[in-house]
>>> print(open('model-v2.csv').read())   # CSV, C-alpha atoms and all ligand atoms
chain,number,residue,atom,x,y,z
A,1,MET,CA,-259.5,-22.7,-73.7
A,2,PHE,CA,-263.0,-21.1,-73.3
A,3,GLU,CA,-264.7,-24.4,-72.6
A,4,LEU,CA,-262.1,-25.5,-70.1
A,5,LEU,CA,-262.2,-22.0,-68.5
A,6,LYS,CA,-266.0,-22.3,-68.1
A,7,LYS,CA,-265.7,-25.7,-66.3
A,8,VAL,CA,-263.1,-24.4,-63.9
A,9,LEU,CA,-265.0,-21.2,-63.2
A,10,ALA,CA,-268.3,-23.0,-62.3
A,11,PRO,CA,-267.7,-24.6,-58.8
A,12,VAL,CA,-268.4,-22.6,-55.7
A,13,GLY,CA,-265.1,-22.5,-53.7
A,14,PRO,CA,-264.5,-19.7,-51.3
A,15,SER,CA,-261.3,-19.6,-49.2
A,16,GLY,CA,-261.2,-22.7,-47.0
A,17,LEU,CA,-264.0,-24.5,-48.9
A,18,GLU,CA,-262.2,-25.3,-52.2
A,19,GLY,CA,-263.2,-29.0,-52.5
A,20,PRO,CA,-265.5,-28.7,-55.4
A,21,VAL,CA,-262.9,-26.8,-57.4
A,22,ALA,CA,-260.3,-29.4,-56.6
A,23,ALA,CA,-262.7,-32.2,-57.8
A,24,ALA,CA,-263.3,-30.5,-61.1
A,25,ILE,CA,-259.6,-29.9,-61.7
A,26,THR,CA,-258.6,-33.5,-60.7
A,27,GLU,CA,-260.9,-34.8,-63.4
A,28,GLU,CA,-259.1,-32.8,-66.0
A,29,ILE,CA,-255.5,-33.5,-65.1
A,30,ARG,CA,-255.5,-37.2,-64.0
A,31,PRO,CA,-254.2,-38.7,-67.2
A,32,TYR,CA,-251.4,-36.1,-67.6
A,33,VAL,CA,-249.6,-36.4,-64.2
A,34,ASP,CA,-247.7,-39.0,-62.2
A,35,THR,CA,-249.2,-38.3,-58.8
A,36,ILE,CA,-252.1,-36.3,-57.3
A,37,GLU,CA,-252.4,-35.6,-53.6
A,38,THR,CA,-254.4,-33.4,-51.3
A,39,ASP,CA,-252.8,-32.1,-48.1
A,40,ALA,CA,-254.4,-31.3,-44.8
A,41,LEU,CA,-255.4,-27.7,-45.9
A,42,GLY,CA,-256.9,-28.9,-49.1
A,43,ASN,CA,-254.1,-28.0,-51.5
A,44,LEU,CA,-254.3,-30.1,-54.7
A,45,ILE,CA,-250.7,-31.0,-55.6
A,46,ALA,CA,-250.1,-32.8,-58.9
A,47,THR,CA,-246.6,-33.9,-59.9
A,48,LYS,CA,-245.2,-34.6,-63.3
A,49,LEU,CA,-241.8,-36.2,-63.0
A,50,GLY,CA,-238.9,-34.8,-65.1
A,51,LYS,CA,-237.0,-37.0,-67.4
A,52,GLY,CA,-233.7,-35.1,-66.9
A,53,GLU,CA,-230.7,-36.7,-65.0
A,54,ASN,CA,-230.9,-34.3,-62.1
A,55,PRO,CA,-234.4,-32.8,-62.5
A,56,ARG,CA,-235.1,-29.5,-60.7
A,57,LYS,CA,-238.4,-29.1,-59.0
A,58,VAL,CA,-240.4,-26.3,-60.5
A,59,MET,CA,-243.5,-25.4,-58.5
A,60,ILE,CA,-246.2,-23.6,-60.4
A,61,SER,CA,-249.2,-22.4,-58.3
A,62,ALA,CA,-252.6,-21.1,-59.1
A,63,HIS,CA,-255.1,-20.5,-56.3
A,64,MET,CA,-258.5,-22.2,-56.3
A,65,ASP,CA,-260.2,-20.1,-53.7
A,66,HIS,CA,-262.2,-16.9,-54.3
A,67,ILE,CA,-263.5,-14.1,-52.2
A,68,GLY,CA,-266.8,-14.4,-50.4
A,69,TYR,CA,-269.3,-13.3,-47.7
A,70,ILE,CA,-269.4,-15.3,-44.5
A,71,VAL,CA,-272.5,-15.3,-42.4
A,72,THR,CA,-271.9,-13.7,-39.0
A,73,GLY,CA,-275.5,-13.5,-37.7
A,74,VAL,CA,-279.2,-13.6,-38.7
A,75,GLU,CA,-281.7,-10.8,-38.0
A,76,LYS,CA,-285.1,-11.8,-36.6
A,77,GLU,CA,-286.6,-10.8,-40.0
A,78,GLY,CA,-284.5,-13.5,-41.7
A,79,TYR,CA,-281.8,-11.3,-43.2
A,80,LEU,CA,-278.2,-12.5,-43.0
A,81,ARG,CA,-275.4,-10.3,-41.7
A,82,VAL,CA,-272.0,-11.0,-43.2
A,83,THR,CA,-268.3,-10.1,-43.2
A,84,ASN,CA,-265.7,-10.5,-45.8
A,85,VAL,CA,-263.5,-13.6,-46.6
A,86,GLY,CA,-260.7,-12.0,-48.6
A,87,GLY,CA,-260.8,-8.6,-50.4
A,88,ILE,CA,-264.5,-7.7,-50.7
A,89,GLY,CA,-265.1,-4.1,-51.7
A,90,MET,CA,-268.3,-2.1,-51.0
A,91,ASP,CA,-268.7,-0.8,-54.6
A,92,ALA,CA,-268.6,-4.4,-56.0
A,93,SER,CA,-271.1,-5.6,-53.3
A,94,LEU,CA,-274.1,-3.5,-54.0
A,95,THR,CA,-277.2,-5.6,-55.0
A,96,ARG,CA,-275.3,-8.7,-56.1
A,97,HIS,CA,-276.5,-12.2,-56.8
A,98,VAL,CA,-274.6,-14.6,-54.6
A,99,VAL,CA,-274.8,-18.3,-54.0
A,100,PHE,CA,-273.9,-20.6,-51.1
A,101,GLN,CA,-272.1,-23.9,-51.5
A,102,ASN,CA,-275.4,-25.7,-50.6
A,103,GLY,CA,-277.1,-24.0,-53.6
A,104,VAL,CA,-279.1,-21.3,-51.6
A,105,HIS,CA,-279.2,-18.1,-53.5
A,106,GLY,CA,-279.2,-14.6,-52.1
A,107,VAL,CA,-279.0,-10.9,-52.9
A,108,VAL,CA,-276.4,-8.7,-51.2
A,109,VAL,CA,-277.9,-5.4,-50.3
A,110,CYS,CA,-276.6,-2.3,-48.4
A,111,GLU,CA,-279.0,-0.6,-46.0
A,112,PRO,CA,-279.5,3.1,-46.5
A,113,VAL,CA,-276.7,5.0,-44.7
A,114,GLU,CA,-275.5,8.5,-44.5
A,115,GLY,CA,-271.8,8.7,-45.2
A,116,ASN,CA,-269.5,5.8,-45.7
A,117,LYS,CA,-271.0,2.5,-46.6
A,118,GLN,CA,-269.3,-0.3,-44.6
A,119,LEU,CA,-269.4,-4.1,-44.5
A,120,ARG,CA,-271.5,-4.0,-41.4
A,121,HIS,CA,-274.3,-2.2,-43.4
A,122,LEU,CA,-274.6,-5.1,-45.8
A,123,PHE,CA,-277.2,-7.8,-45.5
A,124,VAL,CA,-278.1,-10.8,-47.6
A,125,ASP,CA,-281.7,-11.4,-48.6
A,126,ILE,CA,-282.3,-15.1,-49.1
A,127,GLY,CA,-286.0,-14.9,-49.2
A,128,ALA,CA,-286.6,-16.2,-45.7
A,129,ALA,CA,-289.6,-15.1,-43.7
A,130,ASP,CA,-287.9,-15.0,-40.4
A,131,LYS,CA,-284.8,-16.1,-38.5
A,132,ASP,CA,-286.0,-19.7,-38.0
A,133,GLU,CA,-286.6,-20.1,-41.7
A,134,ALA,CA,-283.3,-18.5,-42.6
A,135,LEU,CA,-281.4,-20.9,-40.3
A,136,LYS,CA,-283.0,-23.9,-42.0
A,137,MET,CA,-281.5,-22.6,-45.3
A,138,VAL,CA,-278.0,-21.6,-44.1
A,139,SER,CA,-275.9,-21.8,-40.9
A,140,LEU,CA,-273.6,-19.3,-39.2
A,141,GLY,CA,-270.2,-19.5,-40.9
A,142,ASP,CA,-271.6,-20.5,-44.3
A,143,VAL,CA,-269.9,-18.5,-47.2
A,144,ALA,CA,-271.6,-17.1,-50.3
A,145,VAL,CA,-269.8,-16.1,-53.5
A,146,TYR,CA,-270.8,-14.1,-56.6
A,147,ALA,CA,-273.1,-16.5,-58.6
A,148,ASN,CA,-271.4,-18.0,-61.6
A,149,ASP,CA,-272.2,-15.9,-64.7
A,150,CYS,CA,-269.6,-16.5,-67.4
A,151,PHE,CA,-270.0,-14.9,-70.9
A,152,ALA,CA,-267.9,-13.9,-73.9
A,153,LEU,CA,-267.2,-10.2,-74.2
A,154,GLY,CA,-266.4,-9.4,-77.8
A,155,ALA,CA,-264.2,-11.7,-79.8
A,156,HIS,CA,-261.4,-12.5,-77.3
A,157,ARG,CA,-262.6,-11.6,-73.8
A,158,VAL,CA,-264.5,-13.4,-71.1
A,159,ALA,CA,-266.2,-11.9,-68.1
A,160,SER,CA,-267.0,-13.9,-64.9
A,161,PRO,CA,-266.8,-13.8,-61.2
A,162,ALA,CA,-263.9,-16.0,-59.7
A,163,MET,CA,-261.7,-15.2,-62.7
A,164,ASP,CA,-259.2,-14.4,-59.9
A,165,ASP,CA,-257.8,-17.0,-59.9
A,166,ARG,CA,-259.6,-19.7,-61.8
A,167,CYS,CA,-258.3,-18.4,-65.2
A,168,ALA,CA,-254.9,-19.3,-63.8
A,169,CYS,CA,-256.2,-22.7,-62.6
A,170,ALA,CA,-257.4,-23.3,-66.2
A,171,LEU,CA,-254.1,-22.2,-67.6
A,172,LEU,CA,-252.2,-24.6,-65.3
A,173,VAL,CA,-254.6,-27.5,-66.3
A,174,LYS,CA,-253.9,-26.7,-69.9
A,175,LEU,CA,-250.2,-26.6,-69.3
A,176,LEU,CA,-250.3,-30.1,-67.8
A,177,GLN,CA,-252.4,-31.4,-70.6
A,178,THR,CA,-250.2,-30.1,-73.4
A,179,LEU,CA,-246.7,-30.1,-71.9
A,180,GLY,CA,-245.4,-33.5,-72.7
A,181,GLU,CA,-242.0,-34.7,-71.5
A,182,THR,CA,-239.7,-32.2,-69.6
A,183,GLU,CA,-236.3,-32.3,-68.0
A,184,ASP,CA,-237.6,-30.6,-64.9
A,185,THR,CA,-240.2,-32.0,-62.5
A,186,VAL,CA,-243.3,-29.9,-62.5
A,187,ILE,CA,-245.2,-29.6,-59.2
A,188,ALA,CA,-248.6,-28.1,-60.1
A,189,LEU,CA,-250.0,-26.6,-56.9
A,190,PHE,CA,-253.7,-25.7,-57.0
A,191,SER,CA,-253.6,-23.8,-53.8
A,192,VAL,CA,-256.1,-22.9,-51.1
A,193,GLN,CA,-256.6,-19.7,-49.0
A,194,GLU,CA,-254.6,-17.3,-51.1
A,195,GLU,CA,-257.2,-14.6,-50.7
A,196,VAL,CA,-256.7,-14.7,-46.9
A,197,GLY,CA,-252.9,-14.6,-46.9
A,198,CYS,CA,-251.4,-17.3,-49.2
A,199,ARG,CA,-251.7,-20.0,-46.5
A,200,GLY,CA,-251.9,-22.9,-48.9
A,201,ALA,CA,-248.8,-22.0,-50.9
A,202,LYS,CA,-247.0,-21.5,-47.6
A,203,VAL,CA,-247.4,-25.0,-46.4
A,204,ALA,CA,-247.1,-26.7,-49.9
A,205,SER,CA,-243.8,-25.0,-50.7
A,206,PHE,CA,-242.5,-26.0,-47.3
A,207,ALA,CA,-243.5,-29.6,-47.8
A,208,LYS,CA,-242.4,-29.9,-51.4
A,209,GLU,CA,-239.1,-27.9,-51.3
A,210,PRO,CA,-239.2,-26.6,-54.9
A,211,ASP,CA,-236.0,-25.2,-56.5
A,212,VAL,CA,-238.0,-22.6,-58.4
A,213,GLY,CA,-241.5,-21.1,-57.7
A,214,ILE,CA,-243.8,-19.5,-60.3
A,215,ALA,CA,-247.2,-18.1,-59.3
A,216,LEU,CA,-249.9,-17.7,-61.8
A,217,ASP,CA,-252.4,-15.0,-60.9
A,218,VAL,CA,-254.4,-12.1,-62.3
A,219,THR,CA,-253.0,-8.6,-62.1
A,220,LEU,CA,-254.7,-5.2,-62.3
A,221,TRP,CA,-255.2,-3.1,-65.4
A,222,GLY,CA,-254.6,0.5,-66.5
A,223,ASP,CA,-256.5,0.8,-69.8
A,224,THR,CA,-260.0,1.9,-69.0
A,225,PRO,CA,-261.4,5.4,-68.5
A,226,GLY,CA,-259.9,7.0,-65.4
A,227,THR,CA,-257.2,4.5,-64.9
A,228,SER,CA,-253.5,4.6,-65.9
A,229,GLN,CA,-251.7,2.5,-63.3
A,230,PRO,CA,-250.4,-0.2,-63.5
A,231,ASP,CA,-249.2,0.1,-67.1
A,232,ILE,CA,-250.9,-3.1,-68.1
A,233,LYS,CA,-253.3,-3.6,-71.0
A,234,LEU,CA,-255.7,-6.4,-71.8
A,235,GLY,CA,-254.7,-8.3,-75.0
A,236,GLU,CA,-251.1,-7.2,-74.9
A,237,GLY,CA,-249.8,-10.5,-73.6
A,238,CYS,CA,-249.3,-11.9,-70.1
A,239,ALA,CA,-247.4,-9.8,-67.6
A,240,ILE,CA,-244.1,-10.8,-66.0
A,241,LYS,CA,-244.1,-9.4,-62.5
A,242,ILE,CA,-241.1,-7.4,-61.3
A,243,MET,CA,-242.7,-6.4,-58.0
A,244,ASP,CA,-245.8,-6.2,-56.0
A,245,ARG,CA,-246.3,-5.7,-52.2
A,246,GLY,CA,-245.8,-9.4,-51.5
A,247,SER,CA,-242.7,-10.2,-53.5
A,248,ILE,CA,-239.8,-9.0,-55.6
A,249,SER,CA,-239.3,-11.4,-58.4
A,250,ASN,CA,-235.9,-13.0,-58.8
A,251,PRO,CA,-234.3,-10.9,-61.6
A,252,ALA,CA,-232.6,-13.7,-63.5
A,253,LEU,CA,-235.9,-15.8,-63.5
A,254,ARG,CA,-237.9,-12.8,-64.5
A,255,GLU,CA,-235.6,-12.0,-67.4
A,256,GLU,CA,-235.6,-15.7,-68.5
A,257,LEU,CA,-239.4,-15.7,-68.6
A,258,ILE,CA,-239.4,-12.5,-70.7
A,259,ALA,CA,-236.8,-14.1,-73.0
A,260,CYS,CA,-239.1,-17.2,-73.2
A,261,GLY,CA,-241.9,-14.9,-74.5
A,262,GLU,CA,-239.6,-13.6,-77.2
A,263,LYS,CA,-238.5,-17.1,-78.2
A,264,ALA,CA,-242.1,-18.3,-78.3
A,265,GLY,CA,-243.1,-15.2,-80.4
A,266,VAL,CA,-245.6,-13.9,-77.9
A,267,LYS,CA,-246.0,-10.5,-76.3
A,268,THR,CA,-245.3,-10.0,-72.6
A,269,GLN,CA,-245.6,-6.9,-70.4
A,270,ARG,CA,-243.4,-5.8,-67.5
A,271,GLU,CA,-245.4,-5.5,-64.4
A,272,VAL,CA,-244.9,-3.3,-61.4
A,273,LEU,CA,-247.9,-3.4,-59.1
A,274,PRO,CA,-248.0,-1.0,-56.2
A,275,TYR,CA,-250.5,-3.3,-54.4
A,276,GLY,CA,-251.4,-6.9,-53.6
A,277,GLY,CA,-249.5,-10.1,-53.6
A,278,THR,CA,-249.6,-13.6,-54.9
A,279,ASP,CA,-248.6,-17.1,-53.9
A,280,ALA,CA,-245.0,-16.1,-54.9
A,281,SER,CA,-244.8,-14.2,-51.6
A,282,ALA,CA,-245.3,-17.4,-49.6
A,283,MET,CA,-243.0,-19.5,-51.8
A,284,GLN,CA,-240.2,-16.9,-51.8
A,285,THR,CA,-239.8,-17.0,-48.0
A,286,SER,CA,-240.2,-20.8,-47.6
A,287,ARG,CA,-237.3,-22.6,-45.9
A,288,GLY,CA,-234.0,-21.1,-46.9
A,289,GLY,CA,-235.6,-19.0,-49.7
A,290,ILE,CA,-236.7,-19.9,-53.2
A,291,PRO,CA,-236.3,-17.8,-56.4
A,292,VAL,CA,-239.8,-16.9,-57.6
A,293,CYS,CA,-241.6,-14.9,-60.2
A,294,THR,CA,-245.3,-14.4,-61.0
A,295,VAL,CA,-246.7,-14.8,-64.5
A,296,SER,CA,-249.9,-12.6,-64.5
A,297,ILE,CA,-253.0,-12.6,-66.6
A,298,PRO,CA,-254.2,-8.9,-66.9
A,299,CYS,CA,-257.7,-8.7,-65.5
A,300,ARG,CA,-260.2,-5.8,-65.4
A,301,TYR,CA,-262.5,-5.2,-62.4
A,302,VAL,CA,-260.7,-7.6,-60.1
A,303,HIS,CA,-262.7,-8.7,-57.1
A,304,SER,CA,-266.0,-7.8,-58.7
A,305,ALA,CA,-268.7,-10.1,-60.1
A,306,CYS,CA,-267.5,-9.3,-63.6
A,307,GLU,CA,-263.8,-9.9,-63.8
A,308,VAL,CA,-262.7,-9.6,-67.5
A,309,ILE,CA,-259.7,-11.3,-69.1
A,310,ASP,CA,-258.5,-11.7,-72.6
A,311,LEU,CA,-258.0,-15.3,-73.9
A,312,ARG,CA,-255.0,-14.2,-76.0
A,313,ASP,CA,-253.2,-13.3,-72.8
A,314,MET,CA,-253.8,-16.7,-71.4
A,315,ASP,CA,-252.5,-18.2,-74.6
A,316,ALA,CA,-249.4,-16.0,-74.3
A,317,ALA,CA,-248.8,-17.2,-70.7
A,318,LEU,CA,-249.2,-20.9,-71.8
A,319,LYS,CA,-246.5,-20.4,-74.5
A,320,VAL,CA,-244.1,-18.6,-72.1
A,321,LEU,CA,-244.5,-21.4,-69.5
A,322,THR,CA,-244.1,-24.1,-72.1
A,323,ALA,CA,-241.0,-22.5,-73.5
A,324,TYR,CA,-239.5,-22.2,-70.0
A,325,LEU,CA,-240.1,-25.9,-69.2
A,326,LYS,CA,-238.9,-27.2,-72.6
A,401,CO,CO,-257.7,-12.0,-55.5
A,402,ZN,ZN,-255.6,-14.1,-57.1
>>> encode(input="model-v2.csv", output="structure tokens", more="lines below")
Ligand code: CO
Ligand code: ZN
Amino acid sequence: MFELLKKVLAPVGPSGLEGPVAAAITEEIRPYVDTIETDALGNLIATKLGKGENPRKVMISAHMDHIGYIVTGVEKEGYLRVTNVGGIGMDASLTRHVVFQNGVHGVVVCEPVEGNKQLRHLFVDIGAADKDEALKMVSLGDVAVYANDCFALGAHRVASPAMDDRCACALLVKLLQTLGETEDTVIALFSVQEEVGCRGAKVASFAKEPDVGIALDVTLWGDTPGTSQPDIKLGEGCAIKIMDRGSISNPALREELIACGEKAGVKTQREVLPYGGTDASAMQTSRGGIPVCTVSIPCRYVHSACEVIDLRDMDAALKVLTAYLK
């Protein structure tokens, strides 16, 4: 899983510019699915037909995009002004190595301010001497993300930017690679623009009319100094979501997924998250309504340059999903 995870983490793919991620994923899944298509927004939709008599359509989504800094202006001295694409926090932004899709590197810095630091105080130093030189390197509207830096942390854990939600993309790739024949048709949705409001999942679930929707995403943690909520620990298994601010999981589906964990002999955690949302929120309210649940990978330091997951939780999620589809 670690090798696959590294491959899927590497591409630069902020919201709206997920092409390189889709290309890397397509290469991995092609032999294992019946059809692969890309829609107008850039969603990568891979379908694996069910062998049952009346197969249900189970849509499983993982979002390809990650958060970034979009260039809003250039100072005459060559520094870039930026705003957020998705949930960028100030603490996570200070003196960070970022990279643009064209390969230009930069450092995000906050100017000295009294009081609250805000996004408007940030600038990106790309080493340009002046505005003209800067504009030869990047254009207004280009987006930078935290530079790829993926490393093992202890025996089971991995730290990297973009773990939200590439760890789930890798999980969904692995599921397609290992699943084999199923009764149900599996629609694997590698979605776009989740971080700016689940826009990819919204149109894909409308287009594909699934009978069931399962989102795969990271969730927050409560097991480091000074944290206690949500009651989620790394290494204690994947989390089955009961509620977040975007969706309330279908109770029957959620209990079925928890039972699948028991059947597969892996640990799961019950997740109540007082913030956030996933692609499940978009799928749930599509057309006449779709039963949904989210299978979450516990992740520390979400939306920072060092998002940490535990490979054992990814393995647990893989087993839960396999048991559900078998
Ligand atoms: Co996110
Ligand atoms: Zn996410």
>>> atom_distance(input="model-v2.csv", atom1="CA of Val145 (chain A)", atom2="CA of Leu189 (chain A)")
22.7 Å
>>> residues_near_ligand(input="model-v2.csv", ligand="ligand ZN 402 (chain A)", cutoff="10 Å", atoms="all atoms listed in the file", output="number ranges by chain")
A: 62-67, 162-168, 193-195, 198, 215-219, 276-279, 296-297, 302-303
>>> closest_residue(input="model-v2.csv", among="A:Lys208, A:Asp39, A:Cys238, A:Ser15", to="ligand CO 401 (chain A)", atoms="only C-alpha atoms and all ligand atoms")
A:Ser15
>>> closest_residue(input="model-v2.csv", among="A:Lys51, A:Arg254, A:Arg300, A:Lys233", to="ligand CO 401 (chain A)", atoms="all atoms listed in the file")
A:Arg300
>>> residues_around(input="model-v2.csv", residues="region 7-14 of chain A", least_positions_apart="2", cutoff="8 Å", atoms="all atoms listed in the file", output="PyMOL selection string")
chain A and resi 3-5+16-21+24-25+64-68+85+99-101+143-145+148+150+160-163+166-167+169-170
>>> closest_residue(input="model-v2.csv", among="A:Leu172, A:Ile248, A:Val98, A:Leu220", to="ligand CO 401 (chain A)", atoms="only C-alpha atoms and all ligand atoms")
A:Leu220
>>> closest_residue(input="model-v2.csv", among="A:Leu49, A:Ala317, A:Ala323, A:Val292", to="Glu183 (chain A)", atoms="all atoms listed in the file")
A:Leu49
>>> residues_near_point(input="model-v2.csv", point="(-254.7, -29.8, -70.8)", cutoff="10 Å", atoms="all atoms listed in the file", output="ChimeraX atom specification")
/A:1,4,28-29,31-32,170-179
>>> closest_residue(input="model-v2.csv", among="A:Ala46, A:Ile70, A:Ala92, A:Ala152", to="Thr26 (chain A)", atoms="only C-alpha atoms")
A:Ala46
>>> atom_distance(input="model-v2.csv", atom1="CA of Val158 (chain A)", atom2="CA of Leu311 (chain A)")
7.3 Å
>>> residues_near_point(input="model-v2.csv", point="(-279.9, -19.9, -42.3)", cutoff="9 Å", atoms="all atoms listed in the file", output="PDB file with C-alpha atoms, in the coordinates of the input")
ATOM      1  CA  VAL A  71    -272.500 -15.300 -42.400  1.00  0.00           C
ATOM      2  CA  VAL A  74    -279.200 -13.600 -38.700  1.00  0.00           C
ATOM      3  CA  GLY A  78    -284.500 -13.500 -41.700  1.00  0.00           C
ATOM      4  CA  TYR A  79    -281.800 -11.300 -43.200  1.00  0.00           C
ATOM      5  CA  LEU A  80    -278.200 -12.500 -43.000  1.00  0.00           C
ATOM      6  CA  ILE A 126    -282.300 -15.100 -49.100  1.00  0.00           C
ATOM      7  CA  ALA A 128    -286.600 -16.200 -45.700  1.00  0.00           C
ATOM      8  CA  LYS A 131    -284.800 -16.100 -38.500  1.00  0.00           C
ATOM      9  CA  ASP A 132    -286.000 -19.700 -38.000  1.00  0.00           C
ATOM     10  CA  GLU A 133    -286.600 -20.100 -41.700  1.00  0.00           C
ATOM     11  CA  ALA A 134    -283.300 -18.500 -42.600  1.00  0.00           C
ATOM     12  CA  LEU A 135    -281.400 -20.900 -40.300  1.00  0.00           C
ATOM     13  CA  LYS A 136    -283.000 -23.900 -42.000  1.00  0.00           C
ATOM     14  CA  MET A 137    -281.500 -22.600 -45.300  1.00  0.00           C
ATOM     15  CA  VAL A 138    -278.000 -21.600 -44.100  1.00  0.00           C
ATOM     16  CA  SER A 139    -275.900 -21.800 -40.900  1.00  0.00           C
ATOM     17  CA  LEU A 140    -273.600 -19.300 -39.200  1.00  0.00           C
ATOM     18  CA  ASP A 142    -271.600 -20.500 -44.300  1.00  0.00           C
TER      19      ASP A 142
END
>>> atom_distance(input="model-v2.csv", atom1="CA of Asp310 (chain A)", atom2="CA of Asn43 (chain A)")
27.0 Å
>>> residues_around(input="model-v2.csv", residues="Glu236 (chain A)", least_positions_apart="4", cutoff="10 Å", atoms="all atoms listed in the file", output="ChimeraX atom specification")
/A:232,266-269,298,310,312-313,316
>>> closest_residue(input="model-v2.csv", among="A:Ile60, A:Ala207, A:Val196, A:Ile309", to="ligand CO 401 (chain A)", atoms="all atoms listed in the file")
A:Val196
>>> residues_around(input="model-v2.csv", residues="region 103-119 of chain A", least_positions_apart="3", cutoff="9 Å", atoms="only C-alpha atoms", output="PDB file with C-alpha atoms, in the coordinates of the input")
ATOM      1  CA  VAL A  82    -272.000 -11.000 -43.200  1.00  0.00           C
ATOM      2  CA  THR A  83    -268.300 -10.100 -43.200  1.00  0.00           C
ATOM      3  CA  ASN A  84    -265.700 -10.500 -45.800  1.00  0.00           C
ATOM      4  CA  ILE A  88    -264.500  -7.700 -50.700  1.00  0.00           C
ATOM      5  CA  GLY A  89    -265.100  -4.100 -51.700  1.00  0.00           C
ATOM      6  CA  MET A  90    -268.300  -2.100 -51.000  1.00  0.00           C
ATOM      7  CA  ASP A  91    -268.700  -0.800 -54.600  1.00  0.00           C
ATOM      8  CA  SER A  93    -271.100  -5.600 -53.300  1.00  0.00           C
ATOM      9  CA  LEU A  94    -274.100  -3.500 -54.000  1.00  0.00           C
ATOM     10  CA  THR A  95    -277.200  -5.600 -55.000  1.00  0.00           C
ATOM     11  CA  ARG A  96    -275.300  -8.700 -56.100  1.00  0.00           C
ATOM     12  CA  HIS A  97    -276.500 -12.200 -56.800  1.00  0.00           C
ATOM     13  CA  VAL A  98    -274.600 -14.600 -54.600  1.00  0.00           C
ATOM     14  CA  VAL A  99    -274.800 -18.300 -54.000  1.00  0.00           C
ATOM     15  CA  PHE A 100    -273.900 -20.600 -51.100  1.00  0.00           C
ATOM     16  CA  LEU A 122    -274.600  -5.100 -45.800  1.00  0.00           C
ATOM     17  CA  PHE A 123    -277.200  -7.800 -45.500  1.00  0.00           C
ATOM     18  CA  VAL A 124    -278.100 -10.800 -47.600  1.00  0.00           C
ATOM     19  CA  ASP A 125    -281.700 -11.400 -48.600  1.00  0.00           C
ATOM     20  CA  ILE A 126    -282.300 -15.100 -49.100  1.00  0.00           C
ATOM     21  CA  GLY A 127    -286.000 -14.900 -49.200  1.00  0.00           C
ATOM     22  CA  MET A 137    -281.500 -22.600 -45.300  1.00  0.00           C
ATOM     23  CA  VAL A 138    -278.000 -21.600 -44.100  1.00  0.00           C
ATOM     24  CA  ALA A 144    -271.600 -17.100 -50.300  1.00  0.00           C
ATOM     25  CA  ALA A 147    -273.100 -16.500 -58.600  1.00  0.00           C
TER      26      ALA A 147
END
>>> residues_around(input="model-v2.csv", residues="Ala252 (chain A)", least_positions_apart="4", cutoff="10 Å", atoms="only C-alpha atoms", output="list in words")
Glu256, Leu257, Ile258, Pro291, Val292 and Cys293 of chain A
>>> residues_around(input="model-v2.csv", residues="Phe206 (chain A)", least_positions_apart="5", cutoff="10 Å", atoms="only C-alpha atoms", output="PyMOL selection string")
chain A and resi 201+282-283+285-288
>>> decode(input="model-v2.csv", residues="region 102-113 of chain A", atoms="N, CA and C atoms", output="PDB file, in the first residue's frame")
ATOM      1  N   ASN A 102       3.284  24.079 -12.795  1.00  0.00           N
ATOM      2  CA  ASN A 102       4.336  24.171 -13.818  1.00  0.00           C
ATOM      3  C   ASN A 102       5.730  23.919 -13.247  1.00  0.00           C
ATOM      4  N   GLY A 103       5.797  23.548 -11.956  1.00  0.00           N
ATOM      5  CA  GLY A 103       7.084  23.190 -11.359  1.00  0.00           C
ATOM      6  C   GLY A 103       7.792  24.328 -10.640  1.00  0.00           C
ATOM      7  N   VAL A 104       7.246  25.550 -10.684  1.00  0.00           N
ATOM      8  CA  VAL A 104       7.867  26.671  -9.959  1.00  0.00           C
ATOM      9  C   VAL A 104       7.688  26.475  -8.450  1.00  0.00           C
ATOM     10  N   HIS A 105       8.760  26.645  -7.705  1.00  0.00           N
ATOM     11  CA  HIS A 105       8.719  26.504  -6.249  1.00  0.00           C
ATOM     12  C   HIS A 105       8.563  27.855  -5.572  1.00  0.00           C
ATOM     13  N   GLY A 106       8.050  27.832  -4.366  1.00  0.00           N
ATOM     14  CA  GLY A 106       7.923  29.064  -3.602  1.00  0.00           C
ATOM     15  C   GLY A 106       7.899  28.786  -2.113  1.00  0.00           C
ATOM     16  N   VAL A 107       8.030  29.882  -1.347  1.00  0.00           N
ATOM     17  CA  VAL A 107       7.895  29.798   0.113  1.00  0.00           C
ATOM     18  C   VAL A 107       6.765  30.747   0.519  1.00  0.00           C
ATOM     19  N   VAL A 108       5.770  30.184   1.248  1.00  0.00           N
ATOM     20  CA  VAL A 108       4.682  31.026   1.757  1.00  0.00           C
ATOM     21  C   VAL A 108       5.139  31.662   3.057  1.00  0.00           C
ATOM     22  N   VAL A 109       5.022  32.979   3.136  1.00  0.00           N
ATOM     23  CA  VAL A 109       5.506  33.715   4.298  1.00  0.00           C
ATOM     24  C   VAL A 109       4.401  34.685   4.736  1.00  0.00           C
ATOM     25  N   CYS A 110       4.366  34.964   6.039  1.00  0.00           N
ATOM     26  CA  CYS A 110       3.426  35.979   6.534  1.00  0.00           C
ATOM     27  C   CYS A 110       4.215  37.226   6.909  1.00  0.00           C
ATOM     28  N   GLU A 111       3.759  38.379   6.443  1.00  0.00           N
ATOM     29  CA  GLU A 111       4.435  39.625   6.804  1.00  0.00           C
ATOM     30  C   GLU A 111       4.236  39.890   8.302  1.00  0.00           C
ATOM     31  N   PRO A 112       5.147  40.653   8.925  1.00  0.00           N
ATOM     32  CA  PRO A 112       4.973  40.928  10.359  1.00  0.00           C
ATOM     33  C   PRO A 112       3.700  41.738  10.582  1.00  0.00           C
ATOM     34  N   VAL A 113       2.822  41.248  11.442  1.00  0.00           N
ATOM     35  CA  VAL A 113       1.595  41.994  11.739  1.00  0.00           C
ATOM     36  C   VAL A 113       1.350  41.991  13.234  1.00  0.00           C
TER      37      VAL A 113
END
